[in-house]
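J.: Provided below: model_6.txt, containing compact mmCIF, C-alpha atoms.
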# COMPACT_ATOMS: atom_id res chain seq x y z
CA MET U 1 5.71 14.82 -20.14
CA LEU U 2 4.80 16.46 -16.82
CA GLY U 3 1.29 15.06 -17.16
CA ASN U 4 2.66 11.55 -17.61
CA LYS U 5 4.86 11.96 -14.55
CA ILE U 6 1.72 12.52 -12.49
CA LEU U 7 -0.61 10.24 -14.42
CA PHE U 8 1.77 7.27 -14.33
CA PRO U 9 1.98 7.01 -10.48
CA ALA U 10 -1.73 7.90 -10.17
CA LEU U 11 -2.85 5.10 -12.50
CA THR U 12 -0.35 2.74 -10.91
CA MET U 13 -1.84 3.28 -7.47
CA SER U 14 -5.38 3.17 -8.81
CA VAL U 15 -4.91 -0.24 -10.44
CA ALA U 16 -2.87 -1.50 -7.50
CA TRP U 17 -5.64 -0.51 -5.11
CA GLY U 18 -7.99 -2.62 -7.19
CA PHE U 19 -5.59 -5.53 -6.68
CA ARG U 20 -5.49 -4.79 -2.97
CA GLY U 21 -9.27 -5.03 -2.75
CA PHE U 22 -9.31 -8.38 -4.53
CA ILE U 23 -6.20 -10.38 -3.60
CA GLY U 24 -5.41 -8.89 -0.24
CA GLY U 25 -7.04 -6.99 2.58
CA GLY U 26 -5.91 -5.09 5.62
CA PRO U 27 -2.41 -3.69 5.95
CA LEU U 28 -0.69 -6.60 4.18
CA GLY U 29 -2.82 -6.04 1.08
CA ALA U 30 -2.14 -2.31 1.19
CA MET U 31 1.56 -3.08 0.71
CA ILE U 32 0.76 -3.78 -2.98
CA PRO U 33 -0.10 -0.17 -3.91
CA GLY U 34 2.53 1.08 -1.48
CA ALA U 35 5.40 -0.76 -3.14
CA LEU U 36 4.18 -0.09 -6.68
CA VAL U 37 3.64 3.65 -6.27
CA ALA U 38 7.03 3.98 -4.58
CA LEU U 39 8.66 2.23 -7.54
CA ALA U 40 6.72 4.36 -10.02
CA LEU U 41 7.99 7.48 -8.26
CA CYS U 42 11.55 6.12 -8.22
CA MET U 43 11.37 5.86 -12.01
CA VAL U 44 9.86 9.33 -12.36
CA LEU U 45 12.65 10.79 -10.21
CA GLY U 46 15.43 8.71 -11.74
CA ARG U 47 16.49 6.85 -8.59
CA ASN U 48 18.96 4.00 -8.96
CA ALA U 49 18.69 0.47 -7.54
CA THR U 50 20.54 1.37 -4.34
CA ASP U 51 18.08 4.08 -3.30
CA SER U 52 15.03 2.38 -4.81
CA ARG U 53 15.17 -0.76 -2.71
CA ARG U 54 15.08 1.25 0.52
CA ILE U 55 12.37 3.57 -0.80
CA ALA U 56 10.25 0.66 -2.07
CA ALA U 57 10.39 -1.04 1.33
CA PHE U 58 9.41 2.19 3.08
CA GLY U 59 6.61 2.74 0.56
CA ALA U 60 5.14 -0.74 1.04
CA VAL U 61 5.10 -0.44 4.83
CA ALA U 62 4.10 3.24 4.91
CA ILE U 63 0.92 2.70 2.86
CA GLY U 64 0.35 -0.55 4.75
CA PHE U 65 0.00 1.40 8.02
CA GLY U 66 -3.36 2.85 6.93
CA GLY U 67 -4.67 -0.62 6.13
CA GLU U 68 -5.22 -1.15 9.85
CA MET U 69 -8.21 1.19 9.74
CA THR U 70 -11.69 -0.29 9.51
CA TYR U 71 -14.08 1.48 7.14
CA GLY U 72 -16.70 -1.04 5.99
CA GLN U 73 -19.38 0.23 8.37
CA THR U 74 -18.41 3.82 7.56
CA VAL U 75 -19.23 3.06 3.92
CA GLY U 76 -22.57 1.75 5.19
CA PHE U 77 -23.25 5.20 6.62
CA ILE U 78 -22.38 7.05 3.42
CA VAL U 79 -24.70 4.95 1.23
CA ALA U 80 -27.67 5.61 3.52
CA PRO U 81 -29.27 9.04 2.89
CA GLN U 82 -29.98 9.73 6.56
CA THR U 83 -26.34 9.19 7.59
CA TYR U 84 -24.60 10.35 4.40
CA TRP U 85 -22.81 13.37 5.88
CA TRP U 86 -21.51 11.45 8.88
CA GLY U 87 -20.27 8.69 6.58
CA LEU U 88 -18.65 11.27 4.28
CA ALA U 89 -16.88 12.88 7.23
CA GLY U 90 -15.64 9.52 8.48
CA LEU U 91 -14.41 8.26 5.11
CA SER U 92 -12.75 11.57 4.25
CA LEU U 93 -11.00 11.67 7.63
CA LYS U 94 -9.80 8.08 7.38
CA GLY U 95 -8.55 8.62 3.82
CA ALA U 96 -6.78 11.79 4.91
CA VAL U 97 -5.11 10.04 7.85
CA TRP U 98 -4.06 7.21 5.55
CA GLY U 99 -2.47 9.78 3.26
CA LEU U 100 -0.88 11.79 6.06
CA LEU U 101 1.02 8.90 7.63
CA GLY U 102 1.82 7.13 4.37
CA GLY U 103 2.96 10.34 2.68
CA ALA U 104 5.07 11.41 5.66
CA VAL U 105 7.02 8.13 5.89
CA LEU U 106 7.42 7.69 2.11
CA GLY U 107 8.41 11.33 1.68
CA ALA U 108 10.99 11.08 4.46
CA ALA U 109 12.48 8.03 2.72
CA PHE U 110 12.80 9.97 -0.54
CA GLU U 111 14.32 13.00 1.13
CA ALA U 112 16.73 11.03 3.34
CA ALA U 113 20.40 10.50 2.61
CA SER U 114 21.45 7.38 0.71
CA GLU U 115 21.58 4.08 2.56
CA ASP U 116 25.38 4.16 2.58
CA ASP U 117 25.30 7.37 4.66
CA GLY U 118 24.38 6.41 8.22
CA ARG U 119 23.70 9.95 9.46
CA ASP U 120 19.95 9.57 9.01
CA ARG U 121 19.47 6.27 10.82
CA GLY U 122 19.26 7.55 14.39
CA PRO U 123 16.72 10.35 13.81
CA MET U 124 14.66 8.11 11.53
CA ALA U 125 14.61 5.33 14.13
CA VAL U 126 13.36 7.74 16.79
CA ALA U 127 10.68 9.15 14.49
CA LEU U 128 9.48 5.66 13.53
CA GLY U 129 9.31 4.68 17.19
CA LEU U 130 7.09 7.69 17.86
CA ILE U 131 4.55 6.34 15.34
CA VAL U 132 4.03 3.37 17.68
CA VAL U 133 3.78 5.69 20.70
CA GLY U 134 1.18 7.81 18.91
CA ALA U 135 -0.77 4.73 17.78
CA TRP U 136 -0.94 3.48 21.36
CA PHE U 137 -1.94 6.88 22.75
CA GLY U 138 -4.66 7.58 20.18
CA TRP U 139 -6.05 4.07 20.42
CA THR U 140 -6.11 4.13 24.23
CA PHE U 141 -7.58 7.58 24.80
CA ILE U 142 -9.68 8.29 21.67
CA ASN U 143 -10.45 5.21 19.61
CA GLN U 144 -11.03 2.62 22.31
CA PRO U 145 -13.37 4.87 24.38
CA LYS U 146 -15.14 5.76 21.08
CA LEU U 147 -14.95 9.50 21.74
CA ILE U 148 -15.34 10.10 17.99
CA TYR U 149 -16.66 6.96 16.31
CA PHE U 150 -17.41 6.32 12.64
CA SER U 151 -18.62 2.71 12.85
CA HIS U 152 -21.89 1.26 14.14
CA PRO U 153 -21.99 1.62 17.95
CA THR U 154 -24.28 -1.37 18.63
CA ASP U 155 -24.28 -3.71 15.61
CA ARG U 156 -20.95 -5.58 15.77
CA PRO U 157 -18.96 -2.40 16.57
CA ARG U 158 -15.54 -2.30 14.93
CA PRO U 159 -12.36 -1.27 16.78
CA GLU U 160 -11.13 1.91 15.07
CA ILE U 161 -7.52 3.13 15.01
CA TRP U 162 -7.61 6.32 12.90
CA ALA U 163 -6.80 8.62 15.85
CA GLY U 164 -3.80 6.51 16.79
CA LEU U 165 -2.43 6.69 13.26
CA LEU U 166 -3.15 10.43 13.10
CA ILE U 167 -1.22 11.15 16.29
CA GLY U 168 1.55 8.80 15.19
CA ALA U 169 1.88 10.70 11.91
CA LEU U 170 2.03 14.07 13.67
CA LEU U 171 4.69 12.85 16.11
CA PHE U 172 6.71 11.44 13.21
CA LEU U 173 6.59 14.78 11.38
CA LEU U 174 7.57 16.71 14.49
CA ALA U 175 10.54 14.45 15.14
CA LYS U 176 11.75 13.92 11.58
CA ARG U 177 11.12 17.37 10.08
CA ARG U 178 11.08 15.74 6.65
CA GLY U 179 8.26 14.64 4.40
CA ALA U 180 5.91 17.44 5.49
CA GLY U 181 5.12 18.47 1.89
CA TRP U 182 4.38 14.86 1.00
CA ALA U 183 2.21 14.45 4.09
CA VAL U 184 0.09 17.53 3.39
CA ALA U 185 -0.40 16.62 -0.28
CA ALA U 186 -1.33 13.02 0.53
CA PHE U 187 -3.59 14.18 3.38
CA ILE U 188 -5.58 16.21 0.85
CA GLY U 189 -5.46 13.58 -1.89
CA GLY U 190 -6.40 10.74 0.44
CA GLY U 191 -9.28 12.67 1.98
CA ILE U 192 -10.69 13.70 -1.40
CA GLY U 193 -10.19 10.22 -2.86
CA PHE U 194 -11.96 8.31 -0.08
CA GLY U 195 -14.74 10.86 0.23
CA ALA U 196 -15.34 11.00 -3.53
CA GLY U 197 -15.14 7.24 -3.84
CA GLY U 198 -17.69 6.79 -1.08
CA THR U 199 -19.98 9.34 -2.72
CA LEU U 200 -19.69 7.36 -5.96
CA GLN U 201 -20.98 4.35 -4.05
CA ALA U 202 -23.83 6.35 -2.59
CA ILE U 203 -24.89 7.58 -6.04
CA GLY U 204 -24.59 4.11 -7.54
CA ARG U 205 -26.65 2.48 -4.82
CA SER U 206 -29.44 5.01 -5.39
CA LEU U 207 -29.81 4.15 -9.10
CA PRO U 208 -32.65 1.79 -10.12
CA VAL U 209 -30.32 -0.86 -11.56
CA ASP U 210 -29.09 -4.28 -10.46
CA HIS U 211 -26.07 -3.46 -8.33
CA ARG U 212 -24.41 -6.76 -9.23
CA TRP U 213 -23.66 -5.40 -12.70
CA PHE U 214 -21.84 -2.32 -11.41
CA PRO U 215 -18.80 -2.67 -9.09
CA TRP U 216 -19.37 0.49 -7.05
CA TRP U 217 -17.01 -0.69 -4.32
CA LYS U 218 -14.27 -1.24 -6.87
CA GLY U 219 -14.95 2.23 -8.23
CA MET U 220 -14.33 3.60 -4.75
CA GLU U 221 -11.00 1.76 -4.59
CA PHE U 222 -9.90 3.02 -8.01
CA THR U 223 -10.90 6.60 -7.10
CA PHE U 224 -9.06 6.54 -3.79
CA GLY U 225 -5.93 5.04 -5.35
CA PHE U 226 -5.91 7.53 -8.23
CA CYS U 227 -6.27 10.61 -6.00
CA PHE U 228 -3.76 9.27 -3.48
CA GLY U 229 -1.22 8.44 -6.20
CA ALA U 230 -1.67 11.79 -7.97
CA ALA U 231 -1.07 13.62 -4.68
CA LEU U 232 2.14 11.66 -4.03
CA ALA U 233 3.35 12.32 -7.59
CA TRP U 234 2.65 16.04 -7.23
CA ALA U 235 4.58 16.10 -3.95
CA ALA U 236 7.47 14.15 -5.50
CA LEU U 237 7.85 16.60 -8.36
CA ARG U 238 7.75 19.59 -6.00
CA CYS U 239 9.75 18.30 -3.04
CA VAL U 240 12.48 16.12 -4.56
CA ARG U 241 14.95 17.06 -7.27
CA PRO U 242 15.24 14.33 -9.94
CA THR U 243 18.65 12.67 -9.92
CA PRO U 244 20.48 10.77 -12.64
CA ALA U 245 20.07 7.03 -12.32
CA GLY U 246 23.84 6.56 -12.36
CA ALA U 247 25.67 3.44 -11.30
CA ALA U 248 24.43 1.51 -8.31
CA SER U 249 26.88 -0.03 -5.84
CA PRO U 250 24.58 -1.38 -3.16
CA SER U 251 25.70 -3.14 0.00
CA GLN U 252 25.22 -6.82 -0.63
CA ALA U 253 24.84 -10.18 1.10
CA PRO U 254 25.02 -13.72 -0.29
CA VAL U 255 21.84 -14.92 -1.98
CA TRP U 256 21.19 -17.55 0.68
CA MET U 257 21.58 -15.01 3.48
CA GLU U 258 19.21 -12.56 1.81
CA MET U 259 16.63 -15.32 1.29
CA ALA U 260 16.96 -16.48 4.91
CA GLY U 261 16.65 -12.93 6.21
CA GLY U 262 13.61 -12.24 4.04
CA ALA U 263 11.97 -15.48 5.19
CA LEU U 264 12.51 -14.65 8.86
CA VAL U 265 11.21 -11.09 8.50
CA GLY U 266 8.21 -12.21 6.42
CA ALA U 267 7.23 -15.03 8.78
CA ALA U 268 7.57 -12.76 11.80
CA LEU U 269 5.57 -9.94 10.23
CA ILE U 270 2.66 -12.05 8.94
CA GLY U 271 2.60 -14.23 12.06
CA PHE U 272 2.63 -11.28 14.45
CA GLU U 273 0.13 -9.22 12.43
CA THR U 274 -2.40 -12.05 12.27
CA ALA U 275 -1.96 -13.44 15.79
CA SER U 276 -1.27 -10.40 17.97
CA PRO U 277 -4.16 -9.05 20.07
CA LEU U 278 -2.83 -5.50 19.68
CA ARG U 279 -5.07 -3.26 17.58
CA PHE U 280 -1.98 -1.63 16.08
CA SER U 281 0.01 -4.85 15.59
CA TYR U 282 0.97 -4.05 11.99
CA THR U 283 2.14 -0.57 13.02
CA LEU U 284 4.52 -2.12 15.53
CA ALA U 285 5.64 -4.89 13.18
CA GLY U 286 6.02 -2.47 10.26
CA VAL U 287 8.20 -0.10 12.26
CA VAL U 288 10.42 -2.99 13.34
CA MET U 289 10.63 -4.14 9.72
CA LEU U 290 11.77 -0.68 8.58
CA LEU U 291 14.36 -0.54 11.36
CA ILE U 292 15.70 -3.87 10.08
CA VAL U 293 15.86 -2.52 6.52
CA MET U 294 17.76 0.53 7.75
CA ARG U 295 20.30 -1.73 9.46
CA TYR U 296 20.43 -4.32 6.66
CA PRO U 297 19.54 -2.44 3.47
CA TRP U 298 20.10 -5.52 1.29
CA LEU U 299 16.74 -6.78 2.66
CA GLY U 300 14.86 -3.87 1.08
CA TRP U 301 13.70 -5.72 -2.02
CA GLN U 302 12.68 -8.74 0.02
CA VAL U 303 10.40 -6.55 2.14
CA ALA U 304 8.97 -4.61 -0.79
CA ILE U 305 8.48 -7.48 -3.24
CA THR U 306 8.75 -10.93 -1.63
CA ILE U 307 6.74 -10.23 1.53
CA THR U 308 4.09 -8.38 -0.47
CA CYS U 309 3.82 -11.36 -2.86
CA LEU U 310 3.73 -13.84 0.04
CA ALA U 311 0.76 -12.00 1.54
CA PHE U 312 -1.37 -12.24 -1.61
CA PHE U 313 -0.18 -15.79 -2.35
CA LEU U 314 -1.55 -16.84 1.03
CA ASP U 315 -4.77 -14.89 0.43
CA CYS U 316 -5.34 -16.78 -2.83
CA ALA U 317 -4.45 -20.10 -1.16
CA GLU U 318 -7.34 -19.65 1.28
CA LEU U 319 -9.73 -20.43 -1.58
CA VAL U 320 -8.33 -23.97 -1.69
CA PRO U 321 -8.51 -25.25 1.91
CA GLY U 322 -5.83 -27.60 3.11
CA ALA U 323 -2.08 -27.73 3.66
CA PRO U 324 -1.09 -28.29 0.00
CA ALA U 325 -2.42 -24.87 -1.07
CA VAL U 326 -0.49 -23.12 1.68
CA THR U 327 2.59 -25.13 0.77
CA VAL U 328 2.26 -24.05 -2.86
CA ALA U 329 1.92 -20.40 -1.78
CA ILE U 330 5.04 -20.58 0.39
CA THR U 331 6.94 -22.41 -2.36
CA CYS U 332 6.05 -19.66 -4.83
CA ALA U 333 7.24 -17.05 -2.33
CA VAL U 334 10.56 -18.89 -1.96
CA GLY U 335 10.93 -18.79 -5.73
CA VAL U 336 10.21 -15.06 -5.75
CA SER U 337 12.74 -14.56 -2.94
CA PHE U 338 15.46 -16.36 -4.91
CA TRP U 339 14.67 -14.41 -8.08
CA ILE U 340 14.70 -11.07 -6.24
CA ALA U 341 17.97 -11.91 -4.45
CA ARG U 342 19.62 -12.64 -7.80
CA TRP U 343 18.32 -9.35 -9.20
CA ASN U 344 19.58 -7.50 -6.13
CA ALA U 345 23.06 -8.90 -6.69
CA ALA U 346 22.92 -7.65 -10.28
CA ALA U 347 21.60 -4.19 -9.24
CA ARG U 348 18.64 -4.42 -11.62
CA PRO U 349 16.78 -1.10 -12.18
CA PRO U 350 13.51 -0.29 -10.37
CA ARG U 351 11.59 -0.76 -13.64
CA ASP U 352 12.20 -4.53 -13.48
CA TYR U 353 10.86 -4.83 -9.94
CA TYR U 354 7.88 -2.65 -10.81
CA LEU U 355 6.88 -4.82 -13.75
CA PHE U 356 7.51 -8.01 -11.78
CA LEU U 357 5.20 -7.02 -8.92
CA LEU U 358 2.60 -5.59 -11.28
CA LEU U 359 2.43 -8.74 -13.40
CA ALA U 360 2.52 -11.03 -10.35
CA SER U 361 -0.46 -9.15 -8.88
CA LEU U 362 -2.34 -9.39 -12.17
CA ALA U 363 -1.61 -13.12 -12.52
CA VAL U 364 -2.78 -13.92 -9.00
CA SER U 365 -5.88 -11.74 -9.49
CA LEU U 366 -6.74 -13.68 -12.63
CA LEU U 367 -6.16 -16.98 -10.85
CA LYS U 368 -8.37 -15.94 -7.96
CA ALA U 369 -11.09 -14.82 -10.38
CA VAL U 370 -11.01 -18.29 -11.95
CA LEU U 371 -11.04 -20.08 -8.59
CA HIS U 372 -13.77 -17.78 -7.27
CA ALA U 373 -15.84 -17.67 -10.47
CA ARG U 374 -19.59 -17.84 -10.02
CA PRO U 375 -22.12 -17.73 -12.89
CA GLY U 376 -23.96 -14.43 -13.12
CA PRO U 377 -23.29 -10.71 -13.40
CA GLY U 378 -20.36 -10.78 -10.97
CA LEU U 379 -18.34 -12.96 -13.35
CA TYR U 380 -18.88 -10.58 -16.26
CA VAL U 381 -17.91 -7.61 -14.10
CA GLU U 382 -14.67 -9.35 -13.14
CA GLN U 383 -13.93 -10.07 -16.81
CA ALA U 384 -14.59 -6.44 -17.78
CA MET U 385 -12.35 -5.24 -14.97
CA PHE U 386 -9.61 -7.63 -16.10
CA LEU U 387 -9.76 -6.28 -19.65
CA ALA U 388 -9.69 -2.67 -18.43
CA GLY U 389 -6.80 -3.43 -16.11
CA SER U 390 -4.89 -5.17 -18.89
CA GLY U 391 -5.27 -2.08 -21.08
CA LEU U 392 -3.91 0.13 -18.32
CA LEU U 393 -1.04 -2.26 -17.76
CA ALA U 394 -0.12 -2.09 -21.46
CA TRP U 395 -0.01 1.70 -21.21
CA MET U 396 2.13 1.49 -18.07
CA TRP U 397 4.51 -0.92 -19.75
CA ARG U 398 5.24 1.68 -22.43
CA ARG U 399 5.62 4.43 -19.84
CA THR U 400 8.14 2.39 -17.83
CA HIS U 401 10.24 2.00 -20.95
CA GLU U 402 10.20 5.75 -21.55
CA LEU U 403 11.03 6.56 -17.94
CA SER U 404 13.90 4.08 -17.79
CA MET U 405 15.64 5.48 -20.89
Here is a file; write its structure as C-alpha cells.
T.:
Amino acid sequence: MLGNKILFPALTMSVAWGFRGFIGGGPLGAMIPGALVALALCMVLGRNATDSRRIAAFGAVAIGFGGEMTYGQTVGFIVAPQTYWWGLAGLSLKGAVWGLLGGAVLGAAFEAASEDDGRDRGPMAVALGLIVVGAWFGWTFINQPKLIYFSHPTDRPRPEIWAGLLIGALLFLLAKRRGAGWAVAAFIGGGIGFGAGGTLQAIGRSLPVDHRWFPWWKGMEFTFGFCFGAALAWAALRCVRPTPAGAASPSQAPVWMEMAGGALVGAALIGFETASPLRFSYTLAGVVMLLIVMRYPWLGWQVAITITCLAFFLDCAELVPGAPAVTVAITCAVGVSFWIARWNAAARPPRDYYLFLLLASLAVSLLKAVLHARPGPGLYVEQAMFLAGSGLLAWMWRRTHELSM
C-alpha cells in the first residue's frame, strides 16, 4: 500500500508531464501536472473537498512557476558530447529549482490551516510576495547579465530566469517556515529527474537509429515528471499526517458568481502572461491568483481545473486558425466552469476533479494528435504513446477508487 501511495502520484505527474509537453507549454501547460499531482496527494492523504480545492489551486500555480524557465538550448548542450557536462549541470539545476519552488509552495499549502481559519493568510501573503521580489532580484542581477548562463550566448540567446525563481523560493521558505521538507525532497527529485531525462536524450541521440521512431524528448518529460512526483509523494507521507476525509462544509458562492470570478481571473492571467514584457510575468500573475484564492476560496476549483483546461483548449485551437476555433475553445471552458461550479456546490470529492482533468487532458491530446497527424514514424509513436498512456490511466482509475474508499 505504501508503494502505491508513492507510485500513484509519481505516475500521475509522469503522464501529466507528457500532456504538458503536447497540449501546453510554458507555465500555463505546467499547471496540468501541478493540479493533478496535488489532487493525487489529496487522495493519498485523505483531504476533503474544502481543503482540496485550495491545495489544488496552489499546486497548479506552484508547479506552473517553474514553467517560466527556458531549457531547450540547455538540452542542446547535453546531447552534444563536447558540452554534455555543462548541459547536465544546467538541466539538473533548472529541474532542482523547479522542484524547490514548486515543492515549497505546495508543501506550505498542505501544512497550512484550513481555509476557514484566517490565521495563515497574512504570513502566506507576505511569503508569496517575496517570491516576486526574489524573481525580480535574481533576474536583474544574475540572469539578465548572464553571470551564469545555460543557453547559447550568441545563437538566439534565451532569457533565463532560474536564479530569480531560486532566490524567490529561498525567500519564501525563510518567511513562511513551512514546506521546507517538501522543498528539499522536490529539489532532489527535480534535479535528478531533469538530469536523468536529459541523459536519456543524449544516449538516444547517439544510437544509430532513426530518431523519429523514438520519442527521446517525451522520455525526458516522463522521467522528470516521475521523479518529481515521487519526491512530492515521499515528502507528503513524511511531512503531513493523513486526515479522515470527513464532511466538507466549504464557503460557497452562487454558481453564476463563481463562473464570473473564474472567467475574470482566467482572462487576466492568460492575457497578462502572454502580453506582459516582464520575464517573470507568470510569477507575478500566479502570486496574485493565489492571493485571490486565499481571499475567495470558492474560486479554488476554477483556478485548478477551469483555467488549466482553458489554457490547453486554446493551445489546441491554434491548430485551426481563425476566430471560430478560439470561440469553440472558450465555449468549452465556459462549460467546464459551469460543471465545476455545480460540483463545488455539491462538495464533490477530489477524486472526481482528478478524473475529470485527467480525462479532459487525454481527450484534448487525442484530438490534437488527430489534427496534427502526419504520415510517417511520428504518427506511430503518437499512437503507441496514446496506448501506453491509456493503460496507465486505467491503472490510475482503479487506484483512485481504492484511495477514495
J.: Tell me, as a PDB file with C-alpha atoms, in the coordinates of the input, which residues lie within 8 Å of U:Phe224, counting only C-alpha atoms; anything in the same chain fewer than 2 positions away does not count.
T.:
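Final output, saved to result-v4.pdb:
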ATOM      1  CA  SER U  14      -5.380   3.170  -8.810  1.00  0.00           C
ATOM      2  CA  TRP U  17      -5.640  -0.510  -5.110  1.00  0.00           C
ATOM      3  CA  GLY U  95      -8.550   8.620   3.820  1.00  0.00           C
ATOM      4  CA  GLY U 190      -6.400  10.740   0.440  1.00  0.00           C
ATOM      5  CA  ILE U 192     -10.690  13.700  -1.400  1.00  0.00           C
ATOM      6  CA  GLY U 193     -10.190  10.220  -2.860  1.00  0.00           C
ATOM      7  CA  PHE U 194     -11.960   8.310  -0.080  1.00  0.00           C
ATOM      8  CA  ALA U 196     -15.340  11.000  -3.530  1.00  0.00           C
ATOM      9  CA  GLY U 197     -15.140   7.240  -3.840  1.00  0.00           C
ATOM     10  CA  MET U 220     -14.330   3.600  -4.750  1.00  0.00           C
ATOM     11  CA  GLU U 221     -11.000   1.760  -4.590  1.00  0.00           C
ATOM     12  CA  PHE U 222      -9.900   3.020  -8.010  1.00  0.00           C
ATOM     13  CA  PHE U 226      -5.910   7.530  -8.230  1.00  0.00           C
ATOM     14  CA  CYS U 227      -6.270  10.610  -6.000  1.00  0.00           C
ATOM     15  CA  PHE U 228      -3.760   9.270  -3.480  1.00  0.00           C
TER      16      PHE U 228
END
J.: With distances taken over only C-alpha atoms, which residue among U:Phe8, U:Ser151, U:Pro145, U:Ile203 lies nearest U:Arg398?
T.: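 Closest to U:Arg398 of all the choices is U:Phe8.
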J.: Could you pull the residues within 6 Å of U:Ala56, counting only C-alpha atoms, minus those fewer than 3 positions along the same chain, as a PyMOL selection string?
T.: chain U and resi 35+38-39+52-53+59+304
J.: Neighbouring residues of U:Phe77 were defined as those with any atom within 9 Å, considering all atoms listed in the file; residues of the same chain fewer than 6 positions away were excluded. Please report them as a list in words.
T.: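 Listing them by chain and then by number gives Thr83, Tyr84, Trp85, Trp86, Gly87, Leu88, Gly90, Phe150, Ser151 and His152 of chain U.
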J.: Quick one: pull the distance between atom CA of U:Arg348 and atom CA of U:Ala57, Å, one decimal.
T.: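 Going from atom CA of U:Arg348 over to atom CA of U:Ala57 covers 15.7 Å.
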J.: Just checking: using all atoms listed in the file, which residue out of U:Gly67, U:Ala30, U:Tyr354, U:Gln73 ends up closest to U:Asp155?
T.: U:Gln73
J.: For a test of reading the model, state the distance in Å between atom CA of U:Gly24 and atom CA of U:Ala169, rounded to one decimal.
T.: 24.2 Å
J.: Just the residues within 10 Å of U:Val364, please, counting all atoms listed in the file, with nothing from its chain fewer than 3 positions along; format it as a ChimeraX atom specification.
T.: /U:19,22-23,309,312-313,315-316,359-361,367-370
J.: Between U:Leu165, U:Ala125, U:Ile6, U:Ala112, which has the minimum distance to U:Phe65 (counting all atoms listed in the file)?
T.: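 Of the candidates, the smallest distance to U:Phe65 is held by U:Leu165.
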J.: Can you tell me which residues surround U:Met294 at a distance of at most 10 Å, considering all atoms listed in the file, apart from same-chain residues fewer than 4 positions away, and format the answer as a PDB file with C-alpha atoms, in the frame of the given file?
T.:
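Listed below is the output, around.pdb:
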ATOM      1  CA  ARG U  54      15.080   1.250   0.520  1.00  0.00           C
ATOM      2  CA  ALA U  57      10.390  -1.040   1.330  1.00  0.00           C
ATOM      3  CA  PHE U  58       9.410   2.190   3.080  1.00  0.00           C
ATOM      4  CA  GLU U 115      21.580   4.080   2.560  1.00  0.00           C
ATOM      5  CA  ASP U 116      25.380   4.160   2.580  1.00  0.00           C
ATOM      6  CA  GLY U 118      24.380   6.410   8.220  1.00  0.00           C
ATOM      7  CA  ASP U 120      19.950   9.570   9.010  1.00  0.00           C
ATOM      8  CA  ARG U 121      19.470   6.270  10.820  1.00  0.00           C
ATOM      9  CA  GLY U 122      19.260   7.550  14.390  1.00  0.00           C
ATOM     10  CA  MET U 124      14.660   8.110  11.530  1.00  0.00           C
ATOM     11  CA  ALA U 125      14.610   5.330  14.130  1.00  0.00           C
ATOM     12  CA  VAL U 288      10.420  -2.990  13.340  1.00  0.00           C
ATOM     13  CA  MET U 289      10.630  -4.140   9.720  1.00  0.00           C
ATOM     14  CA  LEU U 290      11.770  -0.680   8.580  1.00  0.00           C
ATOM     15  CA  TRP U 298      20.100  -5.520   1.290  1.00  0.00           C
ATOM     16  CA  LEU U 299      16.740  -6.780   2.660  1.00  0.00           C
ATOM     17  CA  GLY U 300      14.860  -3.870   1.080  1.00  0.00           C
TER      18      GLY U 300
END
J.: Please return as a VMD selection string every residue within 12 Å of (-5.3, 16.8, 0.2), taking into account all atoms listed in the file and the file's own coordinates.
T.: chain U and resid 92 to 93 95 to 100 103 181 to 195 224 227 to 232 234 to 235
J.: For U:Glu68, which residue among U:Leu291, U:Leu392, U:Ile161, U:Leu371 is the nearest when counting only C-alpha atoms?
T.: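 Ranking U:Leu291, U:Leu392, U:Ile161, U:Leu371 by distance to U:Glu68, first place goes to U:Ile161.
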J.: With 4 Å added on each side, what axis-aligned box encloses every listed atom of stretch 287-302 of chain U? Give the centre and edge lengths in Å to one decimal, as JSON.
T.:
{"center_x": 14.3, "center_y": -4.1, "center_z": 5.7, "size_x": 20.2, "size_y": 17.3, "size_z": 23.4}
J.: Using atom CA of U:Met31 and atom CA of U:Ala60 as the two end points, give the distance in Å to one decimal.
T.: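 Atom CA of U:Ala60 lies 4.3 Å from atom CA of U:Met31.
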J.: Between U:Gly107, U:Gly138, U:Gly76, U:Gly46, which residue has the minimum interatomic distance to U:Thr199, considering all atoms listed in the file?
T.: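 Residue with the minimum atom-to-atom distance to U:Thr199: U:Gly76.
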J.: Missing atoms in stretch 392-398 of chain U should be modelled up to N, CA, C and O atoms and reported as an mmCIF file, in the frame of the given file.
T.:
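Ended up saving to out.cif:
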data_model
loop_
_atom_site.group_PDB
_atom_site.id
_atom_site.type_symbol
_atom_site.label_atom_id
_atom_site.label_comp_id
_atom_site.auth_asym_id
_atom_site.auth_seq_id
_atom_site.Cartn_x
_atom_site.Cartn_y
_atom_site.Cartn_z
ATOM 1 N N LEU U 392 -4.712 -0.810 -19.099
ATOM 2 C CA LEU U 392 -3.910 0.130 -18.320
ATOM 3 C C LEU U 392 -2.490 -0.379 -18.140
ATOM 4 O O LEU U 392 -1.519 0.389 -18.197
ATOM 5 N N LEU U 393 -2.366 -1.689 -17.938
ATOM 6 C CA LEU U 393 -1.040 -2.260 -17.760
ATOM 7 C C LEU U 393 -0.200 -2.111 -19.031
ATOM 8 O O LEU U 393 1.011 -1.873 -18.975
ATOM 9 N N ALA U 394 -0.850 -2.272 -20.191
ATOM 10 C CA ALA U 394 -0.120 -2.090 -21.460
ATOM 11 C C ALA U 394 0.393 -0.660 -21.574
ATOM 12 O O ALA U 394 1.531 -0.421 -22.009
ATOM 13 N N TRP U 395 -0.439 0.300 -21.182
ATOM 14 C CA TRP U 395 -0.010 1.700 -21.210
ATOM 15 C C TRP U 395 1.151 1.920 -20.243
ATOM 16 O O TRP U 395 2.138 2.596 -20.566
ATOM 17 N N MET U 396 1.065 1.327 -19.056
ATOM 18 C CA MET U 396 2.130 1.490 -18.070
ATOM 19 C C MET U 396 3.433 0.861 -18.548
ATOM 20 O O MET U 396 4.524 1.373 -18.289
ATOM 21 N N TRP U 397 3.312 -0.266 -19.250
ATOM 22 C CA TRP U 397 4.510 -0.920 -19.750
ATOM 23 C C TRP U 397 5.286 0.024 -20.666
ATOM 24 O O TRP U 397 6.508 0.135 -20.580
ATOM 25 N N ARG U 398 4.573 0.718 -21.538
ATOM 26 C CA ARG U 398 5.240 1.680 -22.430
ATOM 27 C C ARG U 398 5.835 2.841 -21.645
ATOM 28 O O ARG U 398 6.922 3.315 -21.939
#
